[in-house]
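Colleague: Below is the file query_2.csv, with CSV, C-alpha atoms.
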```csv
chain,number,residue,atom,x,y,z
A,1,MET,CA,0.0,0.0,0.0
A,2,GLU,CA,1.8,3.1,-1.2
A,3,ILE,CA,0.3,6.3,0.3
A,4,ALA,CA,0.7,9.5,-1.8
A,5,THR,CA,-1.5,11.8,0.3
A,6,PHE,CA,1.5,13.5,2.0
A,7,ALA,CA,3.4,14.2,-1.3
A,8,TYR,CA,1.6,17.5,-1.8
A,9,ALA,CA,2.2,20.9,-0.3
A,10,ASN,CA,-1.5,21.7,0.1
A,11,VAL,CA,-1.7,18.8,2.6
A,12,LEU,CA,1.5,19.5,4.4
A,13,ASP,CA,0.6,23.2,4.8
A,14,ASN,CA,-2.8,22.5,6.3
A,15,ASP,CA,-4.4,19.9,8.6
A,16,TRP,CA,-1.9,17.1,7.9
A,17,GLU,CA,-1.8,15.8,11.5
A,18,ARG,CA,-5.6,15.1,11.5
A,19,ILE,CA,-5.3,13.4,8.1
A,20,LEU,CA,-2.3,11.3,9.4
A,21,LYS,CA,-4.3,10.1,12.3
A,22,GLU,CA,-7.2,9.1,10.0
A,23,HIS,CA,-4.7,7.2,7.8
A,24,LYS,CA,-3.3,5.4,10.9
A,25,HIS,CA,-6.7,4.3,11.9
A,26,GLN,CA,-7.6,3.1,8.4
A,27,LEU,CA,-4.5,1.1,8.2
A,28,SER,CA,-5.0,-0.6,11.6
A,29,ASP,CA,-6.2,-3.8,10.0
A,30,PHE,CA,-3.9,-3.8,7.0
A,31,GLY,CA,-1.5,-6.7,7.1
A,32,GLY,CA,0.7,-5.8,4.2
A,33,ILE,CA,3.7,-3.6,3.6
A,34,VAL,CA,3.0,0.2,3.9
A,35,SER,CA,5.1,2.7,1.9
A,36,LEU,CA,4.9,6.4,1.4
A,37,HIS,CA,5.4,8.5,-1.7
A,38,GLY,CA,7.2,11.6,-0.6
A,39,VAL,CA,7.2,15.1,-1.9
A,40,PHE,CA,8.4,15.6,-5.4
A,41,GLN,CA,7.1,18.8,-6.9
A,42,ASP,CA,9.9,21.4,-7.1
A,43,ILE,CA,12.0,19.5,-4.5
A,44,CYS,CA,15.7,20.2,-5.0
A,45,VAL,CA,18.0,19.4,-2.0
A,46,HIS,CA,20.9,20.1,-4.4
A,47,SER,CA,19.9,23.6,-5.2
A,48,SER,CA,22.6,26.2,-5.0
A,49,ASP,CA,20.0,28.6,-3.5
A,50,ASN,CA,20.2,27.6,0.2
A,51,LYS,CA,16.6,28.7,0.9
A,52,ILE,CA,15.2,26.4,-1.8
A,53,ALA,CA,17.4,23.6,-0.5
A,54,GLU,CA,16.2,24.1,3.1
A,55,VAL,CA,12.5,24.1,2.2
A,56,SER,CA,13.1,20.9,0.2
A,57,LYS,CA,14.8,19.3,3.2
A,58,GLU,CA,12.1,20.4,5.5
A,59,ARG,CA,9.5,18.7,3.3
A,60,ILE,CA,11.5,15.5,3.2
A,61,LEU,CA,12.0,15.4,6.9
A,62,ARG,CA,8.2,15.9,7.5
A,63,ASN,CA,7.6,12.9,5.2
A,64,LEU,CA,10.1,10.8,7.1
A,65,GLU,CA,8.4,11.7,10.4
A,66,ILE,CA,5.0,10.7,8.9
A,67,ALA,CA,6.5,7.5,7.6
A,68,SER,CA,7.7,6.6,11.1
A,69,PHE,CA,4.2,7.2,12.5
A,70,LEU,CA,2.7,4.9,9.9
A,71,ASP,CA,5.4,2.3,10.3
A,72,ALA,CA,6.1,2.6,6.6
A,73,LYS,CA,8.9,0.3,5.4
A,74,TYR,CA,9.7,2.4,2.3
A,75,VAL,CA,9.6,6.1,1.5
A,76,VAL,CA,9.9,7.1,-2.2
A,77,PHE,CA,11.5,10.4,-3.4
A,78,HIS,CA,12.4,11.5,-6.9
A,79,GLY,CA,16.1,12.0,-7.8
A,80,ASN,CA,15.1,15.2,-9.7
A,81,LEU,CA,18.4,15.3,-11.7
A,82,ASN,CA,17.8,17.7,-14.6
A,83,PRO,CA,19.3,16.0,-17.7
A,84,LEU,CA,19.1,19.2,-19.7
A,85,ILE,CA,21.9,20.6,-17.6
A,86,ARG,CA,24.9,18.7,-18.7
A,87,GLY,CA,27.7,20.7,-17.2
A,88,GLU,CA,30.2,18.9,-15.0
A,89,ARG,CA,29.7,21.4,-12.2
A,90,TYR,CA,26.0,20.8,-12.0
A,91,ILE,CA,26.4,17.0,-12.0
A,92,ASN,CA,29.1,17.0,-9.3
A,93,ASN,CA,27.0,19.4,-7.2
A,94,TRP,CA,23.9,17.0,-7.5
A,95,LEU,CA,26.0,14.1,-6.4
A,96,GLU,CA,27.8,15.8,-3.6
A,97,ARG,CA,24.8,17.5,-2.0
A,98,ASN,CA,22.6,14.4,-2.3
A,99,ALA,CA,25.3,12.2,-0.9
A,100,ASN,CA,25.8,14.5,2.1
A,101,PHE,CA,22.1,14.9,2.7
A,102,TRP,CA,21.1,11.3,2.6
A,103,SER,CA,24.1,10.1,4.5
A,104,GLU,CA,23.1,12.3,7.4
A,105,ILE,CA,19.3,11.7,7.2
A,106,LEU,CA,19.6,7.9,7.1
A,107,LYS,CA,21.2,8.0,10.5
A,108,LYS,CA,18.0,9.4,12.0
A,109,TYR,CA,15.2,7.4,10.5
A,110,HIS,CA,14.6,3.6,10.1
A,111,ALA,CA,12.6,3.5,6.8
A,112,THR,CA,14.4,2.6,3.6
A,113,VAL,CA,14.6,5.6,1.2
A,114,LEU,CA,13.9,4.8,-2.4
A,115,LEU,CA,15.0,7.2,-5.1
A,116,GLU,CA,12.8,7.0,-8.1
A,117,ASN,CA,13.9,7.6,-11.6
A,118,LEU,CA,12.1,10.4,-13.4
A,119,TRP,CA,14.0,12.4,-16.0
A,120,GLU,CA,17.3,10.5,-15.5
A,121,PRO,CA,18.4,9.2,-18.9
A,122,THR,CA,20.7,6.5,-17.6
A,123,PRO,CA,21.2,4.8,-14.2
A,124,GLU,CA,24.9,5.9,-13.8
A,125,MET,CA,24.2,8.8,-11.4
A,126,PHE,CA,22.1,6.7,-9.1
A,127,ARG,CA,24.8,4.1,-9.1
A,128,LYS,CA,27.4,6.7,-8.1
A,129,LEU,CA,25.1,8.1,-5.4
A,130,LEU,CA,24.4,4.7,-3.8
A,131,ASP,CA,28.1,3.8,-3.8
A,132,GLN,CA,29.1,7.1,-2.2
A,133,VAL,CA,26.4,6.9,0.5
A,134,GLY,CA,27.1,3.2,1.1
A,135,SER,CA,23.9,2.6,3.2
A,136,PRO,CA,21.7,-0.5,2.9
A,137,ARG,CA,18.7,1.8,3.4
A,138,LEU,CA,19.2,3.9,0.3
A,139,LYS,CA,17.8,2.0,-2.7
A,140,ILE,CA,16.0,2.6,-6.0
A,141,CYS,CA,12.4,2.6,-7.0
A,142,PHE,CA,12.3,1.8,-10.7
A,143,ASP,CA,9.4,3.4,-12.5
A,144,THR,CA,8.6,1.6,-15.7
A,145,GLY,CA,6.5,4.5,-17.1
A,146,HIS,CA,9.2,7.1,-16.5
A,147,ALA,CA,11.9,4.9,-18.0
A,148,ASN,CA,9.7,4.3,-21.1
A,149,ILE,CA,9.6,8.1,-21.7
A,150,PHE,CA,12.9,9.5,-20.4
A,151,SER,CA,15.5,6.8,-20.4
A,152,LYS,CA,17.9,6.7,-23.3
A,153,VAL,CA,18.9,3.1,-22.5
A,154,PRO,CA,16.7,-0.1,-22.3
A,155,PHE,CA,15.3,-1.4,-19.0
A,156,LYS,CA,17.9,-4.1,-18.9
A,157,ASP,CA,20.7,-1.5,-18.5
A,158,TRP,CA,19.0,-0.2,-15.4
A,159,PHE,CA,18.8,-3.6,-13.8
A,160,ASP,CA,22.2,-4.6,-15.0
A,161,MET,CA,23.8,-1.6,-13.1
A,162,LEU,CA,21.4,-1.5,-10.1
A,163,ASN,CA,19.9,-5.0,-9.9
A,164,GLN,CA,20.0,-5.9,-6.1
A,165,ASP,CA,19.5,-2.2,-5.3
A,166,ILE,CA,16.0,-2.2,-7.0
A,167,PRO,CA,13.7,-3.7,-4.3
A,168,TYR,CA,10.6,-1.8,-5.5
A,169,VAL,CA,9.0,-1.1,-8.9
A,170,HIS,CA,6.2,1.2,-10.0
A,171,ILE,CA,4.3,-0.5,-12.8
A,172,ASN,CA,2.3,1.5,-15.4
A,173,ASP,CA,2.4,1.9,-19.1
A,174,ASN,CA,2.4,4.7,-21.7
A,175,LYS,CA,3.2,5.2,-25.4
A,176,GLY,CA,6.6,6.8,-24.8
A,177,GLU,CA,5.5,10.4,-24.8
A,178,VAL,CA,3.1,11.3,-21.9
A,179,ASP,CA,3.3,9.9,-18.3
A,180,ASN,CA,-0.4,9.0,-18.4
A,181,GLU,CA,-0.2,5.9,-16.3
A,182,LEU,CA,-1.9,3.4,-18.6
A,183,VAL,CA,-2.8,-0.1,-17.7
A,184,PRO,CA,0.0,-2.5,-18.6
A,185,GLY,CA,-0.6,-3.6,-22.2
A,186,ASP,CA,-2.2,-0.3,-23.3
A,187,GLY,CA,1.1,1.3,-24.1
A,188,THR,CA,4.4,0.3,-25.7
A,189,ILE,CA,6.3,-1.4,-22.8
A,190,ASN,CA,7.3,-5.0,-23.5
A,191,TRP,CA,6.1,-6.7,-20.3
A,192,ARG,CA,7.6,-10.0,-21.4
A,193,ASP,CA,11.0,-8.4,-21.5
A,194,PHE,CA,10.4,-6.8,-18.1
A,195,THR,CA,9.6,-10.2,-16.6
A,196,ASN,CA,12.6,-11.9,-18.2
A,197,ILE,CA,14.9,-9.2,-16.7
A,198,VAL,CA,13.4,-9.7,-13.2
A,199,GLU,CA,13.8,-13.4,-13.5
A,200,GLU,CA,17.4,-13.1,-14.8
A,201,TYR,CA,18.5,-11.0,-11.8
A,202,GLN,CA,16.3,-12.8,-9.2
A,203,ILE,CA,15.6,-9.6,-7.3
A,204,ASN,CA,11.9,-10.2,-6.5
A,205,PRO,CA,11.0,-6.5,-6.1
A,206,GLU,CA,7.8,-5.2,-4.4
A,207,ILE,CA,5.3,-4.0,-7.0
A,208,VAL,CA,3.1,-0.9,-6.8
A,209,LEU,CA,0.5,-0.5,-9.6
A,210,GLU,CA,0.7,3.3,-10.1
A,211,VAL,CA,-2.2,3.6,-12.5
A,212,GLY,CA,-4.4,6.3,-10.8
A,213,THR,CA,-7.7,4.5,-10.1
A,214,LEU,CA,-9.0,1.4,-8.4
A,215,GLU,CA,-10.7,0.3,-11.6
A,216,LYS,CA,-7.4,0.6,-13.6
A,217,THR,CA,-5.7,-1.3,-10.7
A,218,ARG,CA,-8.1,-4.2,-11.2
A,219,GLN,CA,-7.6,-4.1,-14.9
A,220,SER,CA,-3.8,-4.1,-14.4
A,221,LEU,CA,-3.9,-7.1,-12.1
A,222,THR,CA,-6.0,-9.0,-14.6
A,223,CYS,CA,-3.7,-8.1,-17.5
A,224,LEU,CA,-0.5,-9.0,-15.6
A,225,GLU,CA,-1.9,-12.3,-14.4
A,226,THR,CA,-3.3,-13.3,-17.8
A,227,GLN,CA,0.0,-12.6,-19.5
A,228,GLY,CA,2.1,-14.2,-16.8
A,229,THR,CA,3.9,-11.0,-16.1
A,230,TYR,CA,5.9,-10.5,-12.9
A,231,PRO,CA,4.8,-10.7,-10.1
A,232,PHE,CA,2.6,-13.4,-11.4
A,233,THR,CA,5.6,-15.7,-12.1
A,234,ILE,CA,7.6,-17.8,-9.8
A,235,VAL,CA,11.0,-16.2,-9.4
A,236,PRO,CA,13.3,-18.1,-7.1
A,237,LYS,CA,15.1,-16.0,-4.5
A,238,SER,CA,18.9,-16.0,-4.8
A,239,GLU,CA,20.8,-17.7,-1.9
```
Show me this structure written as structure tokens.
Modeller:
Amino acid sequence: MEIATFAYANVLDNDWERILKEHKHQLSDFGGIVSLHGVFQDICVHSSDNKIAEVSKERILRNLEIASFLDAKYVVFHGNLNPLIRGERYINNWLERNANFWSEILKKYHATVLLENLWEPTPEMFRKLLDQVGSPRLKICFDTGHANIFSKVPFKDWFDMLNQDIPYVHINDNKGEVDNELVPGDGTINWRDFTNIVEEYQINPEIVLEVGTLEKTRQSLTCLETQGTYPFTIVPKSE
């Protein structure tokens, strides 16, 4: 169960504590894994404008506090690397500031932070960041829809470079142009290839169907099960 309620400023700037208590009550009988999608709009912890960076950090810290209250196992944040800025100074700054920030934050909270690919064209920067931070609680959420639009390399390259550091996947489809969160099979993603990749690396990631509505979620489950797409396949765990 991935909760996205607290990813938005209009919630965090208003009666979020009451909403949080309601969520806690509604989840009291839920026996599965709870995760939280964190803030993502205009979040830039690597900003050279310290005021923008501080607001971004405040939002993230609030999300992590909320995640603790809900006993969430995972919290998802976007990497927000801007691929249109290709200068070495920008790239090095993104890596250094993110590494410093997450290294410090992970000492204070118990949830696993998942950085989700959005505009990133390749997995290299995520690999560098994970290696630099060196924490088992900083991992990757691989978003199939984002990769289908923005990645310049095939899915396999992401899993080849990040494999065991991808414990969590957002599943949705699109036609490679707009992130409209279609039901798997209604876009251009090859789901058989996706399943083969997961089987090859034996990573057994958690799956969130990020398709927007309950009806589309039902349709997605039916589609994945009918086609034998992961997670409706038996993937043996590696020893």
Colleague: For region 134-216 of chain A versus region 77-85 of chain A, which residues have an atom no more than 12 Å away, and what is each residue's nearest atom pair and distance in Å rounded to one decimal, using all atoms listed in the file, chain-then-number order, as a tab-separated table?
Modeller:
```
residue	atom	partner	partner_atom	distance
A:Leu138	CA	A:Phe77	CA	10.7
A:Lys139	CA	A:Phe77	CA	10.5
A:Ile140	CA	A:Phe77	CA	9.4
A:Cys141	CA	A:Phe77	CA	8.6
A:Phe142	CA	A:His78	CA	10.4
A:Asp143	CA	A:His78	CA	10.3
A:His146	CA	A:His78	CA	11.0
A:Phe150	CA	A:Pro83	CA	9.5
A:Ser151	CA	A:Pro83	CA	10.3
A:Lys152	CA	A:Pro83	CA	10.9
```
Colleague: Applying 10 Å and only C-alpha atoms, which residues near Ser56 (chain A) remain after dropping the ones on its own chain fewer than 3 positions away? List them as a list of chain:residue names.
Modeller: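 Residues meeting the cut-off are A:Val39, A:Phe40, A:Gln41, A:Asp42, A:Ile43, A:Cys44, A:Val45, A:His46, A:Ser47, A:Asn50, A:Lys51, A:Ile52, A:Ala53, A:Arg59, A:Ile60, A:Leu61.
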Colleague: So, with only C-alpha atoms as the atoms that count, which of A:Ile3, A:Trp158, A:Leu209, A:Pro121 lies closest to Thr222 (chain A)?
Modeller: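 For Thr222 (chain A), the nearest of the candidates is A:Leu209.
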Colleague: Go ahead and find all residues with at least one atom no further than 12 Å from (-1.3, -15.0, -17.1) in the file's coordinates, using all atoms listed in the file; report them as a list in words.
Modeller: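 The residues that fall inside the cut-off are Trp191, Arg192, Thr195, Ser220, Leu221, Thr222, Cys223, Leu224, Glu225, Thr226, Gln227, Gly228, Thr229, Tyr230, Pro231, Phe232, Thr233 and Ile234 of chain A.
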Colleague: Which residue out of A:Ile91, A:Ala111, A:Leu70, A:Ile105 has the minimum interatomic distance to Glu124 (chain A) when all atoms listed in the file are used?
Modeller: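 Looking at the shortest contact to Glu124 (chain A), the residue is A:Ile91.
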Colleague: If I take CA of Asp29 (chain A) and CA of Leu114 (chain A), how far is one from the other in Å, to one decimal?
Modeller: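 Interatomic distance, CA of Asp29 (chain A) to CA of Leu114 (chain A): 25.1 Å.
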Colleague: Which residue, A:Met1, A:Val75, A:Ala7, A:Leu12, has the smallest gap to Gly31 (chain A) when you use only C-alpha atoms?
Modeller: A:Met1
Colleague: Interatomic distance between CA of Phe126 (chain A) and CA of Pro154 (chain A)?
Modeller: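 Computing the Euclidean distance for CA of Phe126 (chain A) and CA of Pro154 (chain A) yields 15.8 Å.
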Colleague: Measuring between all atoms listed in the file, which one of A:Gln132, A:Gly145, A:Asp71, A:Arg127 shows the shortest distance to Phe101 (chain A)?
Modeller: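 Once distances to Phe101 (chain A) are computed over all atoms listed in the file, the minimum belongs to A:Gln132.
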